[in-house]
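With PDB, C-alpha atoms inside, this is work_22.pdb:
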ATOM      1  CA  MET J   1     -71.838 115.146   2.842
ATOM      2  CA  THR J   2     -74.875 115.726   5.030
ATOM      3  CA  ASN J   3     -75.983 113.070   7.515
ATOM      4  CA  GLU J   4     -78.838 112.251   5.163
ATOM      5  CA  GLU J   5     -76.494 111.674   2.239
ATOM      6  CA  ILE J   6     -74.138 109.580   4.384
ATOM      7  CA  LEU J   7     -77.051 107.440   5.499
ATOM      8  CA  GLY J   8     -78.304 106.801   1.968
ATOM      9  CA  VAL J   9     -74.857 105.905   0.639
ATOM     10  CA  THR J  10     -74.154 103.619   3.623
ATOM     11  CA  VAL J  11     -77.316 101.569   3.093
ATOM     12  CA  LEU J  12     -76.766 101.482  -0.655
ATOM     13  CA  ASN J  13     -73.143 100.319  -0.248
ATOM     14  CA  SER J  14     -74.293  97.403   1.855
ATOM     15  CA  TRP J  15     -76.945  96.441  -0.710
ATOM     16  CA  LYS J  16     -74.391  96.644  -3.542
ATOM     17  CA  LEU J  17     -71.831  94.609  -1.595
ATOM     18  CA  VAL J  18     -74.272  91.755  -1.090
ATOM     19  CA  ILE J  19     -75.610  91.835  -4.655
ATOM     20  CA  ASN J  20     -72.068  91.839  -6.010
ATOM     21  CA  ARG J  21     -71.142  88.875  -3.827
ATOM     22  CA  PHE J  22     -74.086  86.915  -5.199
ATOM     23  CA  ASN J  23     -73.156  88.035  -8.739
ATOM     24  CA  LYS J  24     -69.606  86.744  -8.227
ATOM     25  CA  THR J  25     -70.866  83.357  -7.039
ATOM     26  CA  LEU J  26     -73.278  83.162  -9.972
ATOM     27  CA  SER J  27     -70.552  84.049 -12.480
ATOM     28  CA  GLU J  28     -68.436  81.205 -11.101
ATOM     29  CA  LEU J  29     -71.193  78.620 -11.505
ATOM     30  CA  SER J  30     -71.878  76.992 -14.870
ATOM     31  CA  ASP J  31     -75.456  76.477 -16.045
ATOM     32  CA  GLU J  32     -75.045  72.808 -15.047
ATOM     33  CA  GLN J  33     -73.906  73.790 -11.543
ATOM     34  CA  LEU J  34     -77.036  75.932 -11.137
ATOM     35  CA  GLN J  35     -78.943  72.633 -11.233
ATOM     36  CA  GLN J  36     -77.003  71.360  -8.205
ATOM     37  CA  GLN J  37     -78.506  71.423  -4.733
ATOM     38  CA  ALA J  38     -76.873  73.684  -2.144
ATOM     39  CA  ALA J  39     -76.760  70.624   0.130
ATOM     40  CA  PRO J  40     -78.170  67.093  -0.328
ATOM     41  CA  GLY J  41     -81.969  67.179  -0.455
ATOM     42  CA  ARG J  42     -82.084  70.986  -0.390
ATOM     43  CA  ASN J  43     -83.012  73.650  -2.950
ATOM     44  CA  ARG J  44     -81.189  73.804  -6.253
ATOM     45  CA  VAL J  45     -79.150  76.974  -6.799
ATOM     46  CA  PHE J  46     -81.400  77.635  -9.808
ATOM     47  CA  TYR J  47     -84.378  77.731  -7.442
ATOM     48  CA  LEU J  48     -82.520  80.052  -5.036
ATOM     49  CA  VAL J  49     -81.749  82.483  -7.864
ATOM     50  CA  GLY J  50     -85.354  82.361  -9.082
ATOM     51  CA  HIS J  51     -86.514  82.938  -5.500
ATOM     52  CA  VAL J  52     -84.363  85.997  -4.787
ATOM     53  CA  THR J  53     -85.144  87.428  -8.226
ATOM     54  CA  ALA J  54     -88.896  87.119  -7.557
ATOM     55  CA  VAL J  55     -88.577  88.566  -4.040
ATOM     56  CA  HIS J  56     -86.552  91.512  -5.326
ATOM     57  CA  ASP J  57     -88.936  92.025  -8.238
ATOM     58  CA  ARG J  58     -91.754  92.364  -5.708
ATOM     59  CA  MET J  59     -89.985  95.420  -4.299
ATOM     60  CA  PHE J  60     -91.054  97.544  -7.291
ATOM     61  CA  PRO J  61     -94.712  97.782  -6.228
ATOM     62  CA  LEU J  62     -93.872  97.387  -2.514
ATOM     63  CA  LEU J  63     -91.629 100.461  -2.564
ATOM     64  CA  GLY J  64     -93.826 102.386  -5.005
ATOM     65  CA  LEU J  65     -91.255 102.126  -7.803
ATOM     66  CA  GLY J  66     -93.563 100.992 -10.575
ATOM     67  CA  ASN J  67     -94.607  97.718 -12.098
ATOM     68  CA  ARG J  68     -92.878  94.392 -11.729
ATOM     69  CA  LEU J  69     -90.581  93.083 -14.446
ATOM     70  CA  HIS J  70     -91.028  89.341 -13.761
ATOM     71  CA  PRO J  71     -94.295  88.482 -12.001
ATOM     72  CA  GLU J  72     -94.201  85.089 -13.774
ATOM     73  CA  LEU J  73     -91.564  83.870 -11.297
ATOM     74  CA  ASP J  74     -93.733  83.877  -8.152
ATOM     75  CA  GLU J  75     -95.672  80.701  -8.811
ATOM     76  CA  THR J  76     -92.548  78.606  -9.288
ATOM     77  CA  TYR J  77     -90.109  80.263  -6.893
ATOM     78  CA  ILE J  78     -92.217  81.703  -4.048
ATOM     79  CA  THR J  79     -95.546  79.874  -3.888
ATOM     80  CA  ASN J  80     -94.136  76.416  -4.544
ATOM     81  CA  PRO J  81     -91.118  74.502  -3.251
ATOM     82  CA  ASP J  82     -88.253  73.519  -5.523
ATOM     83  CA  ARG J  83     -89.069  71.056  -8.339
ATOM     84  CA  ALA J  84     -92.834  71.244  -7.804
ATOM     85  CA  LEU J  85     -93.080  73.044 -11.157
ATOM     86  CA  GLY J  86     -90.737  73.222 -14.155
ATOM     87  CA  ASP J  87     -88.453  76.259 -14.507
ATOM     88  CA  PRO J  88     -90.214  78.881 -16.656
ATOM     89  CA  LEU J  89     -86.907  80.439 -17.761
ATOM     90  CA  SER J  90     -83.630  79.095 -19.149
ATOM     91  CA  ALA J  91     -80.432  79.651 -17.146
ATOM     92  CA  THR J  92     -79.448  82.489 -19.475
ATOM     93  CA  GLU J  93     -82.844  84.136 -19.119
ATOM     94  CA  LEU J  94     -82.774  83.755 -15.331
ATOM     95  CA  ARG J  95     -79.298  85.290 -15.063
ATOM     96  CA  ARG J  96     -80.519  88.185 -17.199
ATOM     97  CA  ALA J  97     -83.697  88.664 -15.126
ATOM     98  CA  TRP J  98     -81.676  88.691 -11.881
ATOM     99  CA  ALA J  99     -79.311  91.368 -13.230
ATOM    100  CA  GLU J 100     -82.119  93.420 -14.764
ATOM    101  CA  VAL J 101     -84.175  93.552 -11.553
ATOM    102  CA  ASN J 102     -81.235  94.516  -9.349
ATOM    103  CA  ASP J 103     -79.857  97.104 -11.765
ATOM    104  CA  LYS J 104     -83.207  98.855 -11.901
ATOM    105  CA  LEU J 105     -83.698  98.717  -8.106
ATOM    106  CA  THR J 106     -80.184 100.027  -7.457
ATOM    107  CA  ALA J 107     -80.729 102.935  -9.839
ATOM    108  CA  ALA J 108     -83.936 103.822  -7.954
ATOM    109  CA  PHE J 109     -82.247 103.553  -4.527
ATOM    110  CA  GLU J 110     -79.500 105.898  -5.714
ATOM    111  CA  ARG J 111     -82.094 108.623  -6.122
ATOM    112  CA  PHE J 112     -83.665 108.139  -2.641
ATOM    113  CA  THR J 113     -83.487 110.996  -0.126
ATOM    114  CA  LEU J 114     -83.775 110.347   3.645
ATOM    115  CA  GLU J 115     -87.479 111.154   3.365
ATOM    116  CA  ASP J 116     -87.802 108.592   0.587
ATOM    117  CA  TRP J 117     -86.056 105.930   2.688
ATOM    118  CA  LEU J 118     -88.262 106.583   5.695
ATOM    119  CA  HIS J 119     -91.473 106.716   3.660
ATOM    120  CA  LYS J 120     -93.866 103.903   4.495
ATOM    121  CA  HIS J 121     -93.951 100.967   2.113
ATOM    122  CA  THR J 122     -97.152 100.252   0.199
ATOM    123  CA  ALA J 123     -98.174  97.123   2.167
ATOM    124  CA  VAL J 124     -98.867  99.234   5.261
ATOM    125  CA  CYS J 125    -101.826 101.630   5.547
ATOM    126  CA  ASN J 126    -101.474 105.229   6.747
ATOM    127  CA  GLU J 127    -102.933 104.404  10.137
ATOM    128  CA  ASP J 128    -100.540 101.518  10.816
ATOM    129  CA  SER J 129     -97.624 103.565   9.539
ATOM    130  CA  ALA J 130     -98.442 106.285  12.055
ATOM    131  CA  LYS J 131     -98.428 103.659  14.820
ATOM    132  CA  ASP J 132     -95.224 102.035  13.612
ATOM    133  CA  PRO J 133     -93.122 104.312  11.377
ATOM    134  CA  THR J 134     -90.386 101.675  11.143
ATOM    135  CA  ARG J 135     -92.497  99.913   8.502
ATOM    136  CA  ASN J 136     -90.686 101.922   5.875
ATOM    137  CA  ARG J 137     -88.667 101.406   2.691
ATOM    138  CA  LEU J 138     -85.392 101.386   4.599
ATOM    139  CA  ALA J 139     -86.580  98.399   6.661
ATOM    140  CA  ILE J 140     -87.586  96.539   3.491
ATOM    141  CA  VAL J 141     -84.262  97.123   1.738
ATOM    142  CA  ILE J 142     -82.123  96.235   4.789
ATOM    143  CA  ASN J 143     -84.199  93.088   5.337
ATOM    144  CA  ARG J 144     -83.953  92.105   1.667
ATOM    145  CA  THR J 145     -80.194  92.649   1.861
ATOM    146  CA  SER J 146     -80.050  90.140   4.731
ATOM    147  CA  HIS J 147     -82.409  87.795   2.898
ATOM    148  CA  VAL J 148     -80.325  87.632  -0.268
ATOM    149  CA  SER J 149     -77.203  87.223   1.863
ATOM    150  CA  TYR J 150     -78.838  84.210   3.564
ATOM    151  CA  HIS J 151     -79.355  82.499   0.215
ATOM    152  CA  SER J 152     -75.993  83.679  -1.083
ATOM    153  CA  GLY J 153     -74.389  81.668   1.736
ATOM    154  CA  GLN J 154     -76.259  78.616   0.429
ATOM    155  CA  ALA J 155     -75.577  79.150  -3.290
ATOM    156  CA  VAL J 156     -71.833  79.354  -2.677
ATOM    157  CA  LEU J 157     -71.882  75.774  -1.346
ATOM    158  CA  ALA J 158     -72.549  74.479  -4.887
ATOM    159  CA  LYS J 159     -69.197  75.747  -6.160
TER
ATOM    160  CA  MET E 160     -90.801 109.533  16.577
ATOM    161  CA  THR E 161     -88.209 111.737  14.930
ATOM    162  CA  ASN E 162     -86.513 110.615  11.706
ATOM    163  CA  GLU E 163     -83.412 109.880  13.766
ATOM    164  CA  GLU E 164     -85.311 107.622  16.124
ATOM    165  CA  ILE E 165     -87.063 105.846  13.243
ATOM    166  CA  LEU E 166     -83.719 105.213  11.592
ATOM    167  CA  GLY E 167     -82.139 103.748  14.725
ATOM    168  CA  VAL E 168     -85.086 101.459  15.433
ATOM    169  CA  THR E 169     -85.254 100.312  11.798
ATOM    170  CA  VAL E 170     -81.594  99.247  11.722
ATOM    171  CA  LEU E 171     -81.875  97.647  15.147
ATOM    172  CA  ASN E 172     -85.006  95.703  14.149
ATOM    173  CA  SER E 173     -83.167  94.222  11.195
ATOM    174  CA  TRP E 174     -80.213  93.228  13.392
ATOM    175  CA  LYS E 175     -82.541  91.627  15.953
ATOM    176  CA  LEU E 176     -84.498  89.774  13.253
ATOM    177  CA  VAL E 177     -81.363  88.152  11.883
ATOM    178  CA  ILE E 178     -79.898  87.335  15.308
ATOM    179  CA  ASN E 179     -83.200  85.799  16.369
ATOM    180  CA  ARG E 180     -83.349  83.698  13.208
ATOM    181  CA  PHE E 181     -79.877  82.335  13.945
ATOM    182  CA  ASN E 182     -80.883  81.763  17.592
ATOM    183  CA  LYS E 183     -83.897  79.771  16.445
ATOM    184  CA  THR E 184     -81.783  77.557  14.198
ATOM    185  CA  LEU E 185     -79.259  77.035  16.992
ATOM    186  CA  SER E 186     -81.967  76.124  19.482
ATOM    187  CA  GLU E 187     -83.244  73.479  17.052
ATOM    188  CA  LEU E 188     -79.820  71.853  16.648
ATOM    189  CA  SER E 189     -78.482  69.389  19.230
ATOM    190  CA  ASP E 190     -74.852  69.581  20.323
ATOM    191  CA  GLU E 191     -74.221  66.582  18.045
ATOM    192  CA  GLN E 192     -75.800  68.370  15.083
ATOM    193  CA  LEU E 193     -73.476  71.329  15.663
ATOM    194  CA  GLN E 194     -70.676  68.967  14.658
ATOM    195  CA  GLN E 195     -72.323  68.351  11.276
ATOM    196  CA  GLN E 196     -71.097  70.108   8.150
ATOM    197  CA  ALA E 197     -73.472  72.559   6.466
ATOM    198  CA  ALA E 198     -72.794  70.649   3.235
ATOM    199  CA  PRO E 199     -70.397  67.794   2.446
ATOM    200  CA  GLY E 200     -66.775  68.941   2.825
ATOM    201  CA  ARG E 201     -67.814  72.363   4.161
ATOM    202  CA  ASN E 202     -67.570  74.058   7.564
ATOM    203  CA  ARG E 203     -69.167  72.443  10.593
ATOM    204  CA  VAL E 204     -72.013  74.453  12.126
ATOM    205  CA  PHE E 205     -69.890  74.607  15.300
ATOM    206  CA  TYR E 206     -67.222  76.444  13.296
ATOM    207  CA  LEU E 207     -69.805  78.810  11.791
ATOM    208  CA  VAL E 208     -71.095  79.713  15.262
ATOM    209  CA  GLY E 209     -67.547  80.230  16.560
ATOM    210  CA  HIS E 210     -66.826  82.372  13.498
ATOM    211  CA  VAL E 211     -69.813  84.703  13.813
ATOM    212  CA  THR E 212     -69.303  84.956  17.585
ATOM    213  CA  ALA E 213     -65.672  86.033  17.063
ATOM    214  CA  VAL E 214     -66.611  88.480  14.292
ATOM    215  CA  HIS E 215     -69.339  90.030  16.438
ATOM    216  CA  ASP E 216     -67.045  90.139  19.467
ATOM    217  CA  ARG E 217     -64.605  92.200  17.389
ATOM    218  CA  MET E 218     -67.275  94.881  17.090
ATOM    219  CA  PHE E 219     -66.716  95.988  20.709
ATOM    220  CA  PRO E 220     -63.345  97.661  20.006
ATOM    221  CA  LEU E 221     -64.255  98.414  16.358
ATOM    222  CA  LEU E 222     -67.297 100.450  17.392
ATOM    223  CA  GLY E 223     -65.632 101.918  20.485
ATOM    224  CA  LEU E 224     -67.851  99.913  22.853
ATOM    225  CA  GLY E 225     -65.152  98.586  25.162
ATOM    226  CA  ASN E 226     -63.092  95.452  25.429
ATOM    227  CA  ARG E 227     -63.798  92.123  23.797
ATOM    228  CA  LEU E 228     -65.438  89.313  25.725
ATOM    229  CA  HIS E 229     -63.954  86.380  23.762
ATOM    230  CA  PRO E 230     -60.677  87.214  21.991
ATOM    231  CA  GLU E 231     -59.656  83.561  22.416
ATOM    232  CA  LEU E 232     -61.962  82.594  19.523
ATOM    233  CA  ASP E 233     -60.070  84.376  16.714
ATOM    234  CA  GLU E 234     -57.238  81.910  16.298
ATOM    235  CA  THR E 235     -59.570  78.956  15.793
ATOM    236  CA  TYR E 236     -62.534  80.564  14.026
ATOM    237  CA  ILE E 237     -61.111  83.484  12.025
ATOM    238  CA  THR E 238     -57.392  82.920  11.409
ATOM    239  CA  ASN E 239     -57.674  79.200  10.679
ATOM    240  CA  PRO E 240     -60.063  77.088   8.606
ATOM    241  CA  ASP E 241     -62.380  74.551  10.214
ATOM    242  CA  ARG E 242     -60.728  71.592  11.970
ATOM    243  CA  ALA E 243     -57.221  73.061  11.761
ATOM    244  CA  LEU E 244     -57.333  73.512  15.546
ATOM    245  CA  GLY E 245     -59.439  71.903  18.263
ATOM    246  CA  ASP E 246     -62.497  73.767  19.566
ATOM    247  CA  PRO E 247     -61.472  75.835  22.609
ATOM    248  CA  LEU E 248     -65.023  75.842  24.019
ATOM    249  CA  SER E 249     -67.659  73.188  24.646
ATOM    250  CA  ALA E 250     -70.978  73.448  22.804
ATOM    251  CA  THR E 251     -72.634  74.826  25.941
ATOM    252  CA  GLU E 252     -69.899  77.427  26.386
ATOM    253  CA  LEU E 253     -70.076  78.425  22.726
ATOM    254  CA  ARG E 254     -73.860  78.850  22.828
ATOM    255  CA  ARG E 255     -73.424  81.001  25.942
ATOM    256  CA  ALA E 256     -70.650  83.121  24.358
ATOM    257  CA  TRP E 257     -72.778  83.720  21.245
ATOM    258  CA  ALA E 258     -75.744  84.899  23.343
ATOM    259  CA  GLU E 259     -73.575  86.997  25.659
ATOM    260  CA  VAL E 260     -71.831  88.887  22.829
ATOM    261  CA  ASN E 261     -75.061  89.655  20.968
ATOM    262  CA  ASP E 262     -76.997  90.669  24.061
ATOM    263  CA  LYS E 263     -74.307  93.157  25.017
ATOM    264  CA  LEU E 264     -74.026  94.545  21.472
ATOM    265  CA  THR E 265     -77.799  94.895  21.143
ATOM    266  CA  ALA E 266     -77.995  96.784  24.441
ATOM    267  CA  ALA E 267     -75.312  99.197  23.186
ATOM    268  CA  PHE E 268     -77.047  99.699  19.811
ATOM    269  CA  GLU E 269     -80.286 100.521  21.612
ATOM    270  CA  ARG E 270     -78.588 103.564  23.125
ATOM    271  CA  PHE E 271     -77.144 104.860  19.804
ATOM    272  CA  THR E 272     -78.309 108.232  18.483
ATOM    273  CA  LEU E 273     -78.048 109.105  14.758
ATOM    274  CA  GLU E 274     -74.740 110.818  15.518
ATOM    275  CA  ASP E 275     -73.526 107.634  17.192
ATOM    276  CA  TRP E 276     -74.532 105.529  14.177
ATOM    277  CA  LEU E 277     -72.786 107.845  11.735
ATOM    278  CA  HIS E 278     -69.651 108.187  13.869
ATOM    279  CA  LYS E 279     -66.577 106.705  12.196
ATOM    280  CA  HIS E 280     -65.501 103.267  13.356
ATOM    281  CA  THR E 281     -62.113 102.903  15.046
ATOM    282  CA  ALA E 282     -60.338 101.146  12.150
ATOM    283  CA  VAL E 283     -60.479 104.347  10.070
ATOM    284  CA  CYS E 284     -58.368 107.438  10.860
ATOM    285  CA  ASN E 285     -59.848 110.963  11.026
ATOM    286  CA  GLU E 286     -58.397 111.884   7.655
ATOM    287  CA  ASP E 287     -59.855 108.873   5.834
ATOM    288  CA  SER E 288     -63.176 109.348   7.602
ATOM    289  CA  ALA E 289     -63.339 112.918   6.288
ATOM    290  CA  LYS E 290     -62.737 111.600   2.759
ATOM    291  CA  ASP E 291     -65.242 108.777   3.128
ATOM    292  CA  PRO E 292     -67.795 109.355   5.898
ATOM    293  CA  THR E 293     -69.596 106.125   4.998
ATOM    294  CA  ARG E 294     -66.929 104.221   6.948
ATOM    295  CA  ASN E 295     -69.108 104.516  10.019
ATOM    296  CA  ARG E 296     -70.693 102.308  12.675
ATOM    297  CA  LEU E 297     -73.925 102.010  10.706
ATOM    298  CA  ALA E 298     -72.018 100.469   7.782
ATOM    299  CA  ILE E 299     -70.330  97.982  10.108
ATOM    300  CA  VAL E 300     -73.576  96.880  11.766
ATOM    301  CA  ILE E 301     -75.519  96.559   8.488
ATOM    302  CA  ASN E 302     -72.651  94.591   6.957
ATOM    303  CA  ARG E 303     -72.377  92.323   9.999
ATOM    304  CA  THR E 304     -76.144  91.762   9.797
ATOM    305  CA  SER E 305     -75.690  90.537   6.216
ATOM    306  CA  HIS E 306     -72.645  88.497   7.210
ATOM    307  CA  VAL E 307     -74.410  86.591   9.978
ATOM    308  CA  SER E 308     -77.387  86.086   7.679
ATOM    309  CA  TYR E 309     -75.042  84.518   5.085
ATOM    310  CA  HIS E 310     -73.839  81.949   7.623
ATOM    311  CA  SER E 311     -77.328  81.521   9.060
ATOM    312  CA  GLY E 312     -78.421  80.294   5.621
ATOM    313  CA  GLN E 313     -75.671  77.672   5.835
ATOM    314  CA  ALA E 314     -76.259  76.601   9.444
ATOM    315  CA  VAL E 315     -79.922  75.890   8.734
ATOM    316  CA  LEU E 316     -78.899  73.204   6.215
ATOM    317  CA  ALA E 317     -77.681  70.978   9.076
ATOM    318  CA  LYS E 318     -81.176  70.667  10.538
TER
END

Entire entry expressed as structure tokens:
Amino acid sequence: MTNEEILGVTVLNSWKLVINRFNKTLSELSDEQLQQQAAPGRNRVFYLVGHVTAVHDRMFPLLGLGNRLHPELDETYITNPDRALGDPLSATELRRAWAEVNDKLTAAFERFTLEDWLHKHTAVCNEDSAKDPTRNRLAIVINRTSHVSYHSGQAVLAK
Amino acid sequence: MTNEEILGVTVLNSWKLVINRFNKTLSELSDEQLQQQAAPGRNRVFYLVGHVTAVHDRMFPLLGLGNRLHPELDETYITNPDRALGDPLSATELRRAWAEVNDKLTAAFERFTLEDWLHKHTAVCNEDSAKDPTRNRLAIVINRTSHVSYHSGQAVLAK
């Protein structure tokens, strides 16, 4: 393996590890348990899953990977706090959306070369990217990996 | 910046972001709040901080960065579950240990070249590293970044 290949696989392994951990927690929670709060007075697990699904779905345009699959989630799970609006999807639909978004992202990441990883993301202009080349796709994916891990640590408390 | 430099800074930025988020949460919790559980029946925040400090401290030998600073934490915060043993450090000492370990790790990561990042970690032998070169320092640091983020999401619930 070249250094470039090693790098890509290393980042991808970490992403997969975290997604799989969240998947395991989700598979162990019934639809009723998804309605539980991670801790008293905090977000429901359902909200956390909607939130990470929406945030991951936003990576499609952000990383130049095409259109979003579930833009309808933002209003409920990003713009508003938990319970401000009703859930737009059933538990089954939400589980499916979560899996669908991650499967498609993972497939795209598997095709990334080092140049692809270090390419600027779409929310930064060429001028700013020249000033700060760390505003790249790699930064987004590593930060999203940490972000989903943060909420994974909360979702597991509902078990 | 070369691709190698961009890569190093990108990974380091993500590490720093997550450590700083945990630092912020810690700074907002009183010593009494550290004794609270993240959720009913779950680990105390004090235990979570001891746990991530011990896990990060283990990175010194694992990444070939020298001796550990706080090996005395493992028995209480890795080997045993919360409350099985008494806390060996006061809250002030634990906060200091956490900062000390991360500051020293961060300083070491700032000196890493791409070759350093992709160098095998010490828990893998040369033969296994040749078979799977993704068992490297980069993998360890990205995974530890996700790990501390996981517990950061829990600690914040005690606020």

Listing only residues of chain E within 7 Å of chain J, what is the closest atom pair and its distance in Å (to one decimal) for each, using only C-alpha atoms, sorted by chain and residue number ascending, as JSON lines?
{"residue": "E:Ile165", "atom": "CA", "partner": "J:Thr134", "partner_atom": "CA", "distance": 5.7}
{"residue": "E:Val168", "atom": "CA", "partner": "J:Thr134", "partner_atom": "CA", "distance": 6.8}
{"residue": "E:Thr169", "atom": "CA", "partner": "J:Thr134", "partner_atom": "CA", "distance": 5.4}
{"residue": "E:Ser173", "atom": "CA", "partner": "J:Asn143", "partner_atom": "CA", "distance": 6.1}
{"residue": "E:Ala198", "atom": "CA", "partner": "J:Ala39", "partner_atom": "CA", "distance": 5.0}
{"residue": "E:Pro292", "atom": "CA", "partner": "J:Ile6", "partner_atom": "CA", "distance": 6.5}
{"residue": "E:Thr293", "atom": "CA", "partner": "J:Thr10", "partner_atom": "CA", "distance": 5.4}
{"residue": "E:Ala298", "atom": "CA", "partner": "J:Thr10", "partner_atom": "CA", "distance": 5.6}
{"residue": "E:Ile301", "atom": "CA", "partner": "J:Ser14", "partner_atom": "CA", "distance": 6.8}
{"residue": "E:Asn302", "atom": "CA", "partner": "J:Ser14", "partner_atom": "CA", "distance": 6.1}
{"residue": "E:Thr304", "atom": "CA", "partner": "J:Ser146", "partner_atom": "CA", "distance": 6.6}
{"residue": "E:Ser305", "atom": "CA", "partner": "J:Ser146", "partner_atom": "CA", "distance": 4.6}
{"residue": "E:Ser308", "atom": "CA", "partner": "J:Tyr150", "partner_atom": "CA", "distance": 4.7}
{"residue": "E:Tyr309", "atom": "CA", "partner": "J:Tyr150", "partner_atom": "CA", "distance": 4.1}
{"residue": "E:His310", "atom": "CA", "partner": "J:Gly153", "partner_atom": "CA", "distance": 5.9}
{"residue": "E:Ser311", "atom": "CA", "partner": "J:Tyr150", "partner_atom": "CA", "distance": 6.3}
{"residue": "E:Gly312", "atom": "CA", "partner": "J:Tyr150", "partner_atom": "CA", "distance": 4.4}
{"residue": "E:Gln313", "atom": "CA", "partner": "J:Gln154", "partner_atom": "CA", "distance": 5.5}
{"residue": "E:Leu316", "atom": "CA", "partner": "J:Ala39", "partner_atom": "CA", "distance": 6.9}

Exercise for the section: Counting only C-alpha atoms, figure out which residue out of J:Leu65, J:Lys159, J:Gln36, J:Pro81 gets nearest to Arg111 of chain J. Expected result: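 Smallest distance to Arg111 of chain J is found for J:Leu65.
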
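As for atom CA of Ala107 of chain J and atom CA of Arg58 of chain J, they are spaced 15.8 Å apart.
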
Exercise for the section: Determine the residue set returned by the PyMOL selection byres ((chain J and resi 74) around 10) for the present structure, and present it as an NGL selection string. Expected result: :J and (50-51 or 53-55 or 57-58 or 70-73 or 75-80)

With C-alpha atoms retained, export the selected residues as a PDB file, keeping the file's coordinate frame.
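File produced: out.pdb:
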ATOM      1  CA  GLY J  50     -85.354  82.361  -9.082  1.00  0.00           C
ATOM      2  CA  HIS J  51     -86.514  82.938  -5.500  1.00  0.00           C
ATOM      3  CA  THR J  53     -85.144  87.428  -8.226  1.00  0.00           C
ATOM      4  CA  ALA J  54     -88.896  87.119  -7.557  1.00  0.00           C
ATOM      5  CA  VAL J  55     -88.577  88.566  -4.040  1.00  0.00           C
ATOM      6  CA  ASP J  57     -88.936  92.025  -8.238  1.00  0.00           C
ATOM      7  CA  ARG J  58     -91.754  92.364  -5.708  1.00  0.00           C
ATOM      8  CA  HIS J  70     -91.028  89.341 -13.761  1.00  0.00           C
ATOM      9  CA  PRO J  71     -94.295  88.482 -12.001  1.00  0.00           C
ATOM     10  CA  GLU J  72     -94.201  85.089 -13.774  1.00  0.00           C
ATOM     11  CA  LEU J  73     -91.564  83.870 -11.297  1.00  0.00           C
ATOM     12  CA  GLU J  75     -95.672  80.701  -8.811  1.00  0.00           C
ATOM     13  CA  THR J  76     -92.548  78.606  -9.288  1.00  0.00           C
ATOM     14  CA  TYR J  77     -90.109  80.263  -6.893  1.00  0.00           C
ATOM     15  CA  ILE J  78     -92.217  81.703  -4.048  1.00  0.00           C
ATOM     16  CA  THR J  79     -95.546  79.874  -3.888  1.00  0.00           C
ATOM     17  CA  ASN J  80     -94.136  76.416  -4.544  1.00  0.00           C
TER      18      ASN J  80
END

Problem - Asp262 of chain E environment, 12 Å, all atoms listed in the file, sequence neighbours closer than 4 positions dropped, as a PyMOL selection string - result: chain E and resi 174-175+178-179+182+212+215-216+228+255-258+266-269

Handout entry: Expansion of the PyMOL selection byres ((chain J and resi 87) around 10) into residues, as an MDAnalysis selection string
Key = chainID J and resid 46:47 50 73 76:77 82:86 88:91 94

Practice task
Quick one: pull the distance between atom CA of Arg180 of chain E and atom CA of Gln194 of chain E, Å, one decimal.
Solution key: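 Taking atom CA of Arg180 of chain E as the start and atom CA of Gln194 of chain E as the end point, the length is 19.5 Å.
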
Exercise for the section: Between atom CA of Arg95 of chain J and atom CA of Asn43 of chain J, measure the distance and give it in Å to one decimal. Expected result: 17.2 Å

Exercise for the section: Taking (-58.9, 104.7, 19.8) in the file's own coordinates, collect the residues within 10 Å, counting all atoms listed in the file, and hand them back as JSON, numbers by chain. Expected result: {"E": [220, 221, 222, 223, 280, 281, 282, 283, 284]}
